[in-house]
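Text of the file structure.txt, holding compact mmCIF, C-alpha atoms:
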```txt
# COMPACT_ATOMS: atom_id res chain seq x y z
CA MET A 1 8.48 -5.78 11.92
CA LYS A 2 5.34 -3.65 11.74
CA LYS A 3 3.50 -4.09 8.46
CA HIS A 4 2.50 -0.88 6.68
CA VAL A 5 -1.18 -0.57 5.78
CA SER A 6 -1.65 1.18 2.43
CA LEU A 7 -3.98 4.12 2.02
CA THR A 8 -6.12 2.03 -0.33
CA THR A 9 -6.60 -0.64 2.34
CA SER A 10 -7.26 1.98 5.01
CA ILE A 11 -9.94 3.66 2.90
CA PHE A 12 -11.60 0.33 2.16
CA ILE A 13 -11.62 -0.65 5.86
CA MET A 14 -12.98 2.72 6.96
CA MET A 15 -15.59 2.59 4.20
CA ILE A 16 -16.92 -0.68 5.65
CA LEU A 17 -16.75 0.67 9.21
CA GLY A 18 -18.45 3.89 8.14
CA MET A 19 -21.35 2.01 6.58
CA ALA A 20 -21.67 -0.14 9.69
CA ALA A 21 -21.58 2.93 11.95
CA GLY A 22 -24.19 4.64 9.80
CA TYR A 23 -26.48 1.67 10.22
CA VAL A 24 -25.90 1.17 13.96
CA ALA A 25 -25.59 4.82 15.08
CA SER A 26 -27.35 6.77 12.36
CA ASP A 27 -28.08 9.91 14.43
CA LEU A 28 -24.48 10.19 15.62
CA MET A 29 -23.03 9.75 12.12
CA VAL A 30 -25.37 12.42 10.73
CA GLN A 31 -24.03 14.81 13.38
CA LEU A 32 -20.41 13.86 12.57
CA LYS A 33 -20.75 14.77 8.91
CA PHE A 34 -18.81 17.98 9.59
CA VAL A 35 -15.61 15.88 9.85
CA GLY A 36 -16.09 14.73 6.27
CA ASP A 37 -16.93 18.28 5.21
CA ILE A 38 -13.59 19.47 6.61
CA PHE A 39 -11.81 16.76 4.60
CA LEU A 40 -13.58 17.86 1.39
CA ARG A 41 -12.67 21.51 2.05
CA LEU A 42 -9.03 20.58 2.57
CA ILE A 43 -9.00 18.71 -0.76
CA GLN A 44 -10.43 21.77 -2.52
CA MET A 45 -8.10 24.17 -0.71
CA SER A 46 -5.16 23.99 -3.13
CA ILE A 47 -6.64 22.17 -6.12
CA VAL A 48 -7.01 25.19 -8.42
CA LEU A 49 -3.37 26.20 -7.92
CA LEU A 50 -2.27 22.58 -8.26
CA VAL A 51 -4.07 22.16 -11.59
CA MET A 52 -2.63 25.42 -12.89
CA GLY A 53 0.90 24.50 -11.81
CA SER A 54 0.67 20.99 -13.25
CA VAL A 55 -0.47 22.21 -16.66
CA VAL A 56 2.14 24.99 -16.71
CA GLU A 57 4.90 22.50 -15.84
CA ALA A 58 3.74 19.97 -18.46
CA ILE A 59 3.66 22.55 -21.27
CA ALA A 60 6.80 24.42 -20.19
CA SER A 61 8.77 21.15 -20.02
CA LEU A 62 8.11 20.31 -23.67
CA ASP A 63 10.62 21.13 -26.37
CA LEU A 64 8.10 22.74 -28.68
CA HIS A 65 10.49 22.97 -31.63
CA SER A 66 11.78 19.42 -31.49
CA LEU A 67 8.25 18.05 -31.20
CA GLY A 68 7.41 19.37 -34.65
CA ARG A 69 5.12 17.25 -36.79
CA LEU A 70 5.08 14.33 -34.36
CA GLY A 71 3.97 16.57 -31.52
CA THR A 72 1.16 18.09 -33.57
CA LYS A 73 -0.12 14.63 -34.51
CA ALA A 74 0.18 13.45 -30.91
CA PHE A 75 -1.83 16.35 -29.51
CA ALA A 76 -4.47 15.89 -32.22
CA GLY A 77 -4.70 12.16 -31.49
CA PHE A 78 -4.84 12.64 -27.74
CA SER A 79 -7.53 15.32 -28.08
CA VAL A 80 -9.74 13.13 -30.26
CA THR A 81 -9.49 10.06 -28.03
CA THR A 82 -9.99 12.00 -24.80
CA VAL A 83 -13.07 13.85 -26.04
CA ALA A 84 -14.44 10.57 -27.43
CA ALA A 85 -13.91 8.82 -24.08
CA ALA A 86 -15.65 11.62 -22.16
CA THR A 87 -18.54 11.55 -24.64
CA VAL A 88 -18.91 7.79 -24.23
CA GLY A 89 -19.03 8.25 -20.46
CA LEU A 90 -21.72 10.91 -20.84
CA VAL A 91 -23.86 8.74 -23.13
CA LEU A 92 -23.52 5.62 -20.98
CA ALA A 93 -24.47 7.55 -17.84
CA ASN A 94 -27.62 8.82 -19.52
CA VAL A 95 -28.51 5.38 -20.87
CA LEU A 96 -27.65 3.24 -17.83
CA THR A 97 -28.62 5.89 -15.22
CA PRO A 98 -26.41 4.34 -12.51
CA GLY A 99 -27.29 7.03 -9.98
CA SER A 100 -31.07 6.73 -10.28
CA GLY A 101 -33.34 5.06 -7.79
CA ILE A 102 -32.42 7.09 -4.71
CA SER A 103 -33.07 10.65 -3.62
CA PHE A 104 -30.88 12.80 -1.41
CA GLY A 105 -33.34 15.65 -1.17
CA GLN A 106 -32.50 19.28 -1.84
CA GLU A 107 -30.16 20.30 0.98
CA LEU A 108 -27.05 19.70 -1.16
CA THR A 109 -28.43 20.92 -4.47
CA THR A 110 -29.34 24.50 -3.75
CA ASN A 111 -26.27 25.73 -5.63
CA VAL A 112 -27.18 23.88 -8.81
CA LYS A 113 -29.31 25.80 -11.26
CA GLY A 114 -30.45 25.11 -14.76
CA SER A 115 -28.78 26.96 -17.57
CA ASP A 116 -30.18 28.51 -20.73
CA ALA A 117 -26.73 29.53 -21.96
CA THR A 118 -26.02 29.13 -25.65
CA LEU A 119 -23.09 27.09 -26.96
CA ALA A 120 -21.37 30.34 -27.98
CA SER A 121 -21.63 31.78 -24.47
CA ILE A 122 -20.42 28.52 -22.93
CA ILE A 123 -17.32 28.54 -25.14
CA THR A 124 -16.73 32.25 -24.49
CA ASN A 125 -16.85 31.61 -20.75
CA PHE A 126 -13.90 29.22 -21.08
CA PHE A 127 -11.62 32.26 -21.45
CA PRO A 128 -10.84 34.33 -18.34
CA LYS A 129 -11.16 38.10 -18.03
CA ASN A 130 -9.22 38.21 -14.78
CA ILE A 131 -7.18 35.18 -13.75
CA VAL A 132 -7.15 36.23 -10.09
CA GLN A 133 -10.95 36.28 -10.11
CA SER A 134 -10.99 32.91 -11.91
CA ILE A 135 -8.79 31.41 -9.19
CA ALA A 136 -10.91 32.95 -6.43
CA ASP A 137 -14.09 31.63 -8.05
CA GLY A 138 -12.56 28.19 -8.58
CA ASN A 139 -13.28 28.38 -12.31
CA THR A 140 -11.05 25.47 -13.34
CA ILE A 141 -11.66 25.75 -17.08
CA GLN A 142 -10.50 29.36 -17.16
CA VAL A 143 -7.50 28.52 -14.97
CA ILE A 144 -6.45 25.72 -17.34
CA VAL A 145 -6.75 28.01 -20.37
CA PHE A 146 -4.54 30.59 -18.64
CA ALA A 147 -2.10 27.84 -17.63
CA LEU A 148 -1.75 26.73 -21.26
CA PHE A 149 -0.79 30.27 -22.30
CA LEU A 150 1.54 30.66 -19.32
CA GLY A 151 3.25 27.33 -20.04
CA VAL A 152 3.90 28.27 -23.66
CA SER A 153 5.12 31.72 -22.60
CA ILE A 154 7.57 30.27 -20.06
CA ASN A 155 8.81 27.90 -22.77
CA ILE A 156 9.46 30.83 -25.11
CA VAL A 157 11.19 32.90 -22.40
CA MET A 158 13.43 29.96 -21.42
CA GLU A 159 14.48 29.51 -25.03
CA ARG A 160 15.28 33.22 -25.35
CA THR A 161 17.19 33.48 -22.07
CA HIS A 162 18.74 29.97 -22.15
CA SER A 163 17.74 29.61 -18.50
CA LYS A 164 15.41 27.12 -16.82
CA GLU A 165 15.05 29.01 -13.56
CA LEU A 166 11.37 29.74 -14.25
CA LEU A 167 10.62 26.05 -14.86
CA HIS A 168 12.54 25.06 -11.74
CA GLY A 169 10.49 27.55 -9.73
CA VAL A 170 7.22 26.14 -11.09
CA LYS A 171 8.36 22.59 -10.27
CA ALA A 172 9.29 23.64 -6.72
CA CYS A 173 5.88 25.27 -6.18
CA ASN A 174 4.15 22.18 -7.58
CA GLU A 175 6.09 19.94 -5.23
CA CYS A 176 4.93 22.03 -2.27
CA LEU A 177 1.31 21.85 -3.44
CA LEU A 178 1.64 18.09 -4.02
CA THR A 179 2.93 17.72 -0.49
CA ILE A 180 -0.15 19.53 0.82
CA VAL A 181 -2.41 17.13 -1.10
CA ARG A 182 -0.47 14.11 0.14
CA LEU A 183 -0.88 15.33 3.72
CA VAL A 184 -4.60 15.93 3.22
CA MET A 185 -5.07 12.49 1.65
CA LYS A 186 -3.74 10.90 4.84
CA MET A 187 -7.02 12.10 6.34
CA ALA A 188 -9.02 10.37 3.58
CA PRO A 189 -9.96 7.25 5.61
CA ILE A 190 -11.48 9.42 8.37
CA GLY A 191 -13.23 11.66 5.87
CA ILE A 192 -14.67 8.71 3.94
CA PHE A 193 -15.75 7.07 7.23
CA SER A 194 -17.62 10.21 8.23
CA LEU A 195 -19.27 10.89 4.88
CA LEU A 196 -20.34 7.31 4.17
CA GLY A 197 -21.57 6.96 7.75
CA TRP A 198 -23.66 10.09 7.20
CA ALA A 199 -24.99 8.81 3.85
CA ILE A 200 -25.98 5.40 5.25
CA GLY A 201 -27.37 6.93 8.44
CA LYS A 202 -29.55 9.38 6.55
CA TYR A 203 -30.51 7.46 3.40
CA GLY A 204 -29.81 3.78 4.10
CA PHE A 205 -27.96 1.19 2.04
CA ALA A 206 -29.77 2.24 -1.13
CA VAL A 207 -26.85 4.61 -1.81
CA ILE A 208 -24.48 1.65 -2.29
CA LEU A 209 -26.40 -0.38 -4.84
CA PRO A 210 -26.01 2.07 -7.79
CA LEU A 211 -22.22 1.85 -7.46
CA PHE A 212 -22.29 -1.59 -9.06
CA LYS A 213 -24.06 -0.08 -12.07
CA PHE A 214 -21.35 2.59 -12.17
CA LEU A 215 -18.61 -0.06 -12.33
CA GLY A 216 -20.59 -1.85 -15.02
CA GLY A 217 -20.68 1.41 -16.97
CA MET A 218 -16.91 1.78 -16.58
CA ALA A 219 -16.36 -1.76 -17.84
CA LEU A 220 -18.74 -1.38 -20.78
CA GLY A 221 -17.32 2.02 -21.72
CA SER A 222 -13.74 0.71 -21.59
CA ILE A 223 -14.63 -2.26 -23.80
CA LEU A 224 -16.41 -0.06 -26.37
CA ILE A 225 -13.57 2.48 -26.53
CA LEU A 226 -10.85 -0.19 -26.71
CA ALA A 227 -12.70 -2.12 -29.42
CA THR A 228 -13.14 1.06 -31.46
CA GLY A 229 -9.54 2.18 -30.95
CA ILE A 230 -8.00 -1.20 -31.79
CA THR A 231 -10.22 -1.62 -34.87
CA THR A 232 -9.42 1.88 -36.11
CA ALA A 233 -5.66 1.48 -35.61
CA ALA A 234 -5.71 -1.95 -37.27
CA PHE A 235 -7.61 -0.54 -40.25
CA VAL A 236 -5.12 2.30 -40.66
CA ALA A 237 -2.16 -0.09 -40.37
CA ARG A 238 -3.89 -2.76 -42.50
CA ILE A 239 -3.36 -5.49 -39.96
CA SER A 240 -5.63 -7.93 -38.14
CA PRO A 241 -7.40 -6.32 -35.16
CA LEU A 242 -7.39 -9.68 -33.37
CA ALA A 243 -3.64 -10.06 -33.89
CA LEU A 244 -3.13 -6.50 -32.64
CA ALA A 245 -5.29 -7.17 -29.58
CA GLY A 246 -3.20 -10.24 -28.81
CA LYS A 247 -0.02 -8.17 -28.74
CA LEU A 248 -1.64 -5.78 -26.24
CA VAL A 249 -2.51 -8.43 -23.66
CA ASN A 250 0.78 -8.25 -21.76
CA MET A 251 0.68 -4.50 -21.14
CA GLY A 252 -3.07 -4.68 -20.47
CA VAL A 253 -2.59 -7.25 -17.71
CA VAL A 254 0.20 -5.19 -16.11
CA ALA A 255 -1.96 -2.05 -16.29
CA PHE A 256 -5.03 -3.79 -14.87
CA THR A 257 -3.20 -5.41 -11.95
CA THR A 258 -1.00 -2.46 -10.97
CA THR A 259 -3.46 0.38 -11.81
CA SER A 260 -0.35 2.45 -12.57
CA SER A 261 0.47 3.97 -15.96
CA ALA A 262 3.96 4.80 -14.69
CA VAL A 263 4.72 1.19 -13.72
CA THR A 264 3.33 -0.02 -17.06
CA LEU A 265 5.35 2.46 -19.17
CA PRO A 266 8.49 0.28 -19.66
CA VAL A 267 6.32 -2.70 -20.66
CA LYS A 268 4.25 -0.52 -22.96
CA MET A 269 7.29 0.91 -24.73
CA ALA A 270 9.02 -2.46 -25.08
CA ASP A 271 5.94 -4.15 -26.51
CA SER A 272 5.25 -1.20 -28.81
CA GLU A 273 8.71 -1.52 -30.35
CA ASN A 274 9.40 -5.25 -30.15
CA LYS A 275 5.96 -6.78 -30.70
CA ILE A 276 3.88 -4.24 -32.60
CA GLY A 277 6.63 -2.68 -34.71
CA ILE A 278 6.35 1.00 -33.80
CA SER A 279 9.66 2.76 -34.38
CA ARG A 280 11.84 3.83 -31.47
CA ARG A 281 11.50 7.49 -32.45
CA VAL A 282 7.70 7.42 -32.35
CA SER A 283 7.39 5.10 -29.36
CA ARG A 284 9.80 7.01 -27.16
CA LEU A 285 8.07 10.32 -27.76
CA ILE A 286 4.39 9.37 -27.90
CA ASN A 287 4.22 6.80 -25.09
CA PRO A 288 5.78 8.95 -22.32
CA LEU A 289 3.93 12.03 -23.61
CA GLY A 290 0.68 10.06 -23.56
CA MET A 291 1.26 8.99 -19.98
CA THR A 292 1.49 12.67 -19.03
CA LEU A 293 -1.13 14.28 -21.26
CA ASN A 294 -3.51 11.54 -22.42
CA SER A 295 -5.87 10.01 -19.85
CA ASP A 296 -8.82 8.57 -21.73
CA GLY A 297 -9.73 6.31 -18.83
CA LEU A 298 -9.88 9.30 -16.50
CA ALA A 299 -12.01 11.25 -19.00
CA LEU A 300 -14.47 8.33 -19.22
CA TYR A 301 -14.54 8.06 -15.42
CA LEU A 302 -15.06 11.78 -14.79
CA ALA A 303 -17.90 12.16 -17.31
CA LEU A 304 -19.63 9.02 -16.07
CA ALA A 305 -19.10 10.07 -12.44
CA CYS A 306 -20.47 13.59 -12.94
CA ILE A 307 -23.74 12.40 -14.46
CA THR A 308 -23.99 9.63 -11.86
CA VAL A 309 -23.59 12.17 -9.03
CA ALA A 310 -26.19 14.42 -10.68
CA GLN A 311 -28.58 11.47 -10.75
CA PHE A 312 -27.75 10.66 -7.10
CA PHE A 313 -28.94 14.10 -6.07
CA GLY A 314 -31.85 14.34 -8.51
CA ILE A 315 -30.24 17.13 -10.56
CA GLU A 316 -31.33 17.68 -14.15
CA LEU A 317 -28.41 18.92 -16.26
CA SER A 318 -29.16 20.91 -19.38
CA VAL A 319 -27.51 20.16 -22.72
CA GLY A 320 -25.16 23.09 -22.14
CA GLN A 321 -24.18 21.79 -18.72
CA GLN A 322 -23.55 18.31 -20.13
CA VAL A 323 -21.31 19.84 -22.80
CA THR A 324 -19.43 21.52 -19.94
CA VAL A 325 -19.07 18.11 -18.26
CA VAL A 326 -17.38 16.72 -21.41
CA VAL A 327 -15.10 19.75 -21.66
CA MET A 328 -14.16 19.62 -17.98
CA ALA A 329 -13.59 15.86 -18.09
CA THR A 330 -11.26 16.45 -21.04
CA LEU A 331 -9.39 19.43 -19.61
CA ALA A 332 -9.03 17.88 -16.16
CA THR A 333 -6.86 15.16 -17.66
CA LEU A 334 -4.29 17.86 -18.48
CA GLY A 335 -4.07 18.60 -14.78
CA THR A 336 -3.69 14.99 -13.77
CA VAL A 337 -1.02 14.79 -11.10
CA VAL A 338 0.77 11.90 -9.43
CA VAL A 339 -0.81 12.12 -6.00
CA PRO A 340 -2.39 9.54 -3.73
CA GLY A 341 -6.02 9.04 -4.77
CA GLY A 342 -5.49 10.86 -8.06
CA GLY A 343 -8.90 9.81 -9.40
CA LEU A 344 -10.64 11.24 -6.35
CA VAL A 345 -8.62 14.46 -6.55
CA ALA A 346 -9.56 14.86 -10.22
CA LEU A 347 -13.22 14.25 -9.36
CA ALA A 348 -12.99 16.92 -6.65
CA ILE A 349 -11.79 19.30 -9.38
CA VAL A 350 -14.60 18.60 -11.82
CA LEU A 351 -17.69 18.29 -9.60
CA PRO A 352 -17.65 21.88 -8.26
CA ALA A 353 -16.69 23.17 -11.72
CA VAL A 354 -19.95 21.85 -13.16
CA GLY A 355 -21.99 22.85 -10.11
CA LEU A 356 -22.39 19.42 -8.51
CA PRO A 357 -22.10 18.56 -4.79
CA ILE A 358 -18.57 17.54 -3.86
CA GLU A 359 -20.04 14.93 -1.49
CA GLY A 360 -20.17 12.76 -4.61
CA VAL A 361 -16.44 12.15 -4.09
CA ALA A 362 -17.15 10.18 -0.92
CA LEU A 363 -19.89 8.14 -2.56
CA LEU A 364 -17.54 6.94 -5.30
CA ALA A 365 -14.41 6.66 -3.14
CA GLY A 366 -15.12 3.11 -2.04
CA ILE A 367 -14.91 1.75 -5.59
CA ASP A 368 -12.11 4.00 -6.83
CA TRP A 369 -9.58 1.15 -6.83
CA PHE A 370 -11.80 -0.97 -9.07
CA SER A 371 -12.61 1.85 -11.47
CA GLY A 372 -8.87 2.61 -11.50
CA MET A 373 -8.24 -0.79 -13.08
CA PHE A 374 -10.37 0.13 -16.10
CA ARG A 375 -8.96 3.67 -16.23
CA THR A 376 -5.37 2.48 -16.40
CA VAL A 377 -5.95 -0.15 -19.11
CA LEU A 378 -7.73 2.42 -21.26
CA ASN A 379 -5.02 5.03 -20.69
CA VAL A 380 -2.20 2.64 -21.61
CA ILE A 381 -3.68 0.95 -24.69
CA ASP A 382 -5.10 4.14 -26.20
CA ASP A 383 -1.61 5.69 -25.99
CA VAL A 384 -0.24 2.78 -28.03
CA MET A 385 -3.05 3.04 -30.60
CA VAL A 386 -2.29 6.72 -31.13
CA ALA A 387 1.43 5.87 -31.43
CA LEU A 388 0.66 3.15 -34.00
CA ILE A 389 -1.46 5.45 -36.17
CA ILE A 390 1.26 8.12 -36.04
CA ALA A 391 3.94 5.54 -36.89
CA VAL A 392 1.94 4.45 -39.96
CA SER A 393 1.50 8.07 -41.07
CA GLU A 394 5.25 8.65 -40.69
CA GLY A 395 6.19 5.46 -42.54
CA GLU A 396 7.74 4.10 -39.33
CA PHE A 397 5.59 1.04 -38.76
CA HIS A 398 7.73 -2.10 -39.11
CA ARG A 399 5.33 -4.72 -40.41
CA GLU A 400 7.94 -7.45 -40.28
CA ILE A 401 8.17 -7.04 -36.50
CA PHE A 402 4.39 -7.17 -36.14
CA ASP A 403 4.18 -10.32 -38.29
CA ALA A 404 6.96 -12.10 -36.38
CA LYS A 405 5.80 -14.84 -34.03
CA GLU A 406 8.42 -13.90 -31.41
CA PRO A 407 9.44 -10.43 -30.11
CA ALA A 408 12.00 -8.67 -32.28
CA ALA A 409 15.51 -9.94 -31.62
CA VAL A 410 17.17 -6.63 -30.80
CA SER A 411 19.82 -5.97 -28.24
CA ALA A 412 19.10 -4.58 -24.81
CA ALA A 413 21.58 -1.80 -25.49
CA GLU A 414 19.61 -0.73 -28.56
CA THR A 415 16.17 -0.71 -26.96
CA GLY A 416 16.91 -0.08 -23.33
CA TYR A 417 14.73 -3.08 -22.43
CA ARG A 418 15.42 -6.72 -21.75
CA VAL A 419 13.82 -8.87 -24.46
CA THR A 420 12.90 -12.44 -23.59
CA SER A 421 10.47 -15.04 -24.79
CA THR A 422 8.42 -14.55 -21.64
CA PRO A 423 6.12 -11.58 -21.01
CA LEU A 424 7.82 -8.48 -19.69
CA VAL A 425 7.01 -7.45 -16.14
CA PRO A 426 7.78 -4.27 -14.18
CA ALA A 427 11.28 -4.20 -12.75
CA ARG A 428 10.03 -2.98 -9.40
CA LYS A 429 7.18 -3.85 -7.13
CA PRO A 430 3.91 -2.33 -8.40
CA ALA A 431 2.94 0.76 -6.49
CA SER A 432 -0.47 1.43 -5.03
CA PRO A 433 -2.52 3.96 -7.02
CA PHE A 434 -2.88 5.85 -3.78
```

Structure re-expressed in structure tokens:
Amino acid sequence: MKKHVSLTTSIFIMMILGMAAGYVASDLMVQLKFVGDIFLRLIQMSIVLLVMGSVVEAIASLDLHSLGRLGTKAFAGFSVTTVAAATVGLVLANVLTPGSGISFGQELTTNVKGSDATLASIITNFFPKNIVQSIADGNTIQVIVFALFLGVSINIVMERTHSKELLHGVKACNECLLTIVRLVMKMAPIGIFSLLGWAIGKYGFAVILPLFKFLGGMALGSILILATGITTAAFVARISPLALAGKLVNMGVVAFTTTSSAVTLPVKMADSENKIGISRRVSRLINPLGMTLNSDGLALYLALACITVAQFFGIELSVGQQVTVVVMATLATLGTVVVPGGGLVALAIVLPAVGLPIEGVALLAGIDWFSGMFRTVLNVIDDVMVALIIAVSEGEFHREIFDAKEPAAVSAAETGYRVTSTPLVPARKPASPF
């Protein structure tokens, strides 16, 4: 029986081959860069519409009335943690300078200009005058703002008409766009081969060394954010942060090894209810909602990646442009979609939006699996910390469950999960992040 080679493995193999080809046949690989350019164009082709559709579907699918107070607290918590994660990524990139030490010259940076815009004008420019023009210009921030309004409007219309035809239409369009991205991502190994071959052929192996600093930044940023989040939640709940951290190990290991928030969700919800003591009502709203709308790990990654790419190409970003990086890294998490190579697709959204060369996608593609490990752990555990703080504020934190040495002895019928004395594991084989 023929064994299927995953996209992750294919990209890794072609990354190695591309670097080797760039070293052995540098002139040829420089000439073949156009193949990688075609791949990057195909990624960008439908991204703006995909982001808009994803945000519209996420907002339109919510029951705005039933969310009530819990929903307001969830959105506030998610917003704070996501902005904080993006800010940490920005600061670490400026301190560690993972992209420094090499120079790509100016051929890819002619479209990047300094900005003297004020904070007021930056914020004003988030709001579109003409959504068609915003889509044509690829202004992702303005498209997301419009999508938020459109999603709420569809929600209101569906409630008034008692019909979900509009939502079904949006979902159908999104599925078509997702299919386009999936087809394009099948070309990723060839595109990465071409672009890395070009980079090595033109600039040498110096372009690879900073990637280790980037991964170090991801690891350090994840540790700082997790330590802060766990300490804050423990303080609010008046429990031991070390004891809380111990109850997060199981879901953290599953998240780290599978790099999938979806696969980790059942483990996360079971441990939230049976080990930490978060009520069913809070857990079963906040945890799934967080998986959809809260991606702190992705925000950290995108902010760190943007500044790293700017350093790769010797681009000085003004304070206003760095604020835009934080905003885009935050807003892009709303448009996170379940596609192969989701981290790379999100990066392809943000880089052009802040005026950076999209070739940076290829430079970071080879380590996307490893950075995905940190992203997923941060996404999963921060969701639980937000849920715990909300449970405390609602008086729905069961301290007796948290203090128990064994998981709560509740029936499977009551929780929907099998409770045993051994760590919970996903019911199905972990899926590749690609």

Checklist outcome for this item: If you count only C-alpha atoms, the residue of A:Gln44, A:Ser194, A:Asn174, A:Thr82 closest to Gln31 (chain A) turns out to be A:Ser194

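The interatomic distance for the pair CA of Val325 (chain A) and CA of Asn94 (chain A) works out to 12.7 Å.
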
Next on the checklist: So the first atom is CA of Val88 (chain A) and the second is CA of Leu388 (chain A); what is the distance between them in Å, to one decimal place?
Outcome noted: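 Calculated distance between CA of Val88 (chain A) and CA of Leu388 (chain A) is 22.4 Å.
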
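Proximity of A:Ser222, A:Thr81, A:Ser295, A:Thr264 to Val386 (chain A), computed with all atoms listed in the file, is greatest for A:Thr81.
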
Next on the checklist: What's the separation between CA of Leu28 (chain A) and CA of Pro357 (chain A), in Å to one decimal place?
Outcome noted: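 Those two atoms sit 22.2 Å apart.
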
Item to check | Which of A:Ile286, A:Val380, A:Leu364, A:Leu224 sits closest to Lys73 (chain A) [using all atoms listed in the file] | outcome: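 The answer is A:Ile286, which sits nearest to Lys73 (chain A).
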
Next on the checklist: Using all atoms listed in the file, which protein or nucleic acid residues come within 10 Å of region 237-247 of chain A? Drop anything in the same chain fewer than 2 positions from it, and give the result as a ChimeraX atom specification.
Outcome noted: /A:226-227,229-235,249-252,271-272,274-276,381,385,388-393,397,399,402-403,407

With region 373-379 of chain A as the partner and 7 Å as the cut-off, tabulate the residues of region 228-306 of chain A that qualify, each row holding the nearest pair of atoms and their distance in Å to one decimal, using all atoms listed in the file, sorted by chain and rising number, as JSON lines.
```
{"residue": "A:Gly252", "atom": "CA", "partner": "A:Val377", "partner_atom": "CA", "distance": 5.5}
{"residue": "A:Ala255", "atom": "CA", "partner": "A:Val377", "partner_atom": "CA", "distance": 5.2}
{"residue": "A:Phe256", "atom": "CA", "partner": "A:Met373", "partner_atom": "CA", "distance": 4.7}
{"residue": "A:Thr257", "atom": "CA", "partner": "A:Met373", "partner_atom": "CA", "distance": 6.9}
{"residue": "A:Thr259", "atom": "CA", "partner": "A:Met373", "partner_atom": "CA", "distance": 5.1}
{"residue": "A:Ser260", "atom": "CA", "partner": "A:Thr376", "partner_atom": "CA", "distance": 6.3}
{"residue": "A:Ser261", "atom": "CA", "partner": "A:Thr376", "partner_atom": "CA", "distance": 6.0}
{"residue": "A:Asn294", "atom": "CA", "partner": "A:Asn379", "partner_atom": "CA", "distance": 6.9}
{"residue": "A:Ser295", "atom": "CA", "partner": "A:Asn379", "partner_atom": "CA", "distance": 5.1}
{"residue": "A:Asp296", "atom": "CA", "partner": "A:Asn379", "partner_atom": "CA", "distance": 5.3}
{"residue": "A:Gly297", "atom": "CA", "partner": "A:Arg375", "partner_atom": "CA", "distance": 3.8}
{"residue": "A:Leu298", "atom": "CA", "partner": "A:Arg375", "partner_atom": "CA", "distance": 5.7}
```

Item to check | Using all atoms listed in the file: which of A:Gly36, A:Gly99, A:Pro189, A:Gly71 has the shortest distance to Thr9 (chain A) | outcome: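 Using all atoms listed in the file, Thr9 (chain A) sits closest to A:Pro189.
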
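Residues in contact with Leu90 (chain A) at 10 Å, where only C-alpha atoms are counted and same-chain residues fewer than 6 positions away are skipped, are listed as Ala84, Gly221, Ala299, Leu300, Tyr301, Leu302, Ala303, Leu304, Ala305, Cys306, Ile307, Thr308, Gln322, Val323, Val325, Val326 and Ala329 of chain A.
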
Checklist entry - Counting all atoms listed in the file, what is within 8 Å of Met187 (chain A), bar same-chain residues fewer than 4 positions away, as a list in words? => result Phe39, Leu183 and Gly191 of chain A

Checklist entry - Of the candidates A:Gly360, A:Thr333, A:Val91, A:Phe212, which one gets nearest to Ile144 (chain A) if we count all atoms listed in the file? => result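 Of the candidates, the smallest distance to Ile144 (chain A) is held by A:Thr333.
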
Closest pair table for region 15-104 of chain A residues within 8 Å of region 169-172 of chain A, all atoms listed in the file, as CSV:
```
residue,atom,partner,partner_atom,distance
A:Gly53,CA,A:Val170,CA,6.6
A:Val56,CA,A:Val170,CA,7.7
A:Glu57,CA,A:Val170,CA,6.4
```

Would you mind exporting C-alpha atoms of the selected residues as a short mmCIF file (atom, residue, chain, number, x, y, z; two decimals), in the coordinates of the input?
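Once everything was written out, this is part_37.cif:
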```cif
data_model
loop_
_atom_site.label_atom_id
_atom_site.label_comp_id
_atom_site.auth_asym_id
_atom_site.auth_seq_id
_atom_site.Cartn_x
_atom_site.Cartn_y
_atom_site.Cartn_z
CA GLY A 53 0.90 24.50 -11.81
CA VAL A 56 2.14 24.99 -16.71
CA GLU A 57 4.90 22.50 -15.84
#
```

Next on the checklist: Residues near Leu265 (chain A), anyone? I mean within 8 Å using only C-alpha atoms, not counting same-chain ones fewer than 5 positions away, as a list in words.
Outcome noted: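 The filter keeps Asn287, Pro288, Met291 and Val380 of chain A.
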
Checklist outcome for this item: In terms of only C-alpha atoms, the residue from A:Val345, A:Ser163, A:Ala120, A:Phe312 at minimal distance from Leu42 (chain A) is A:Val345
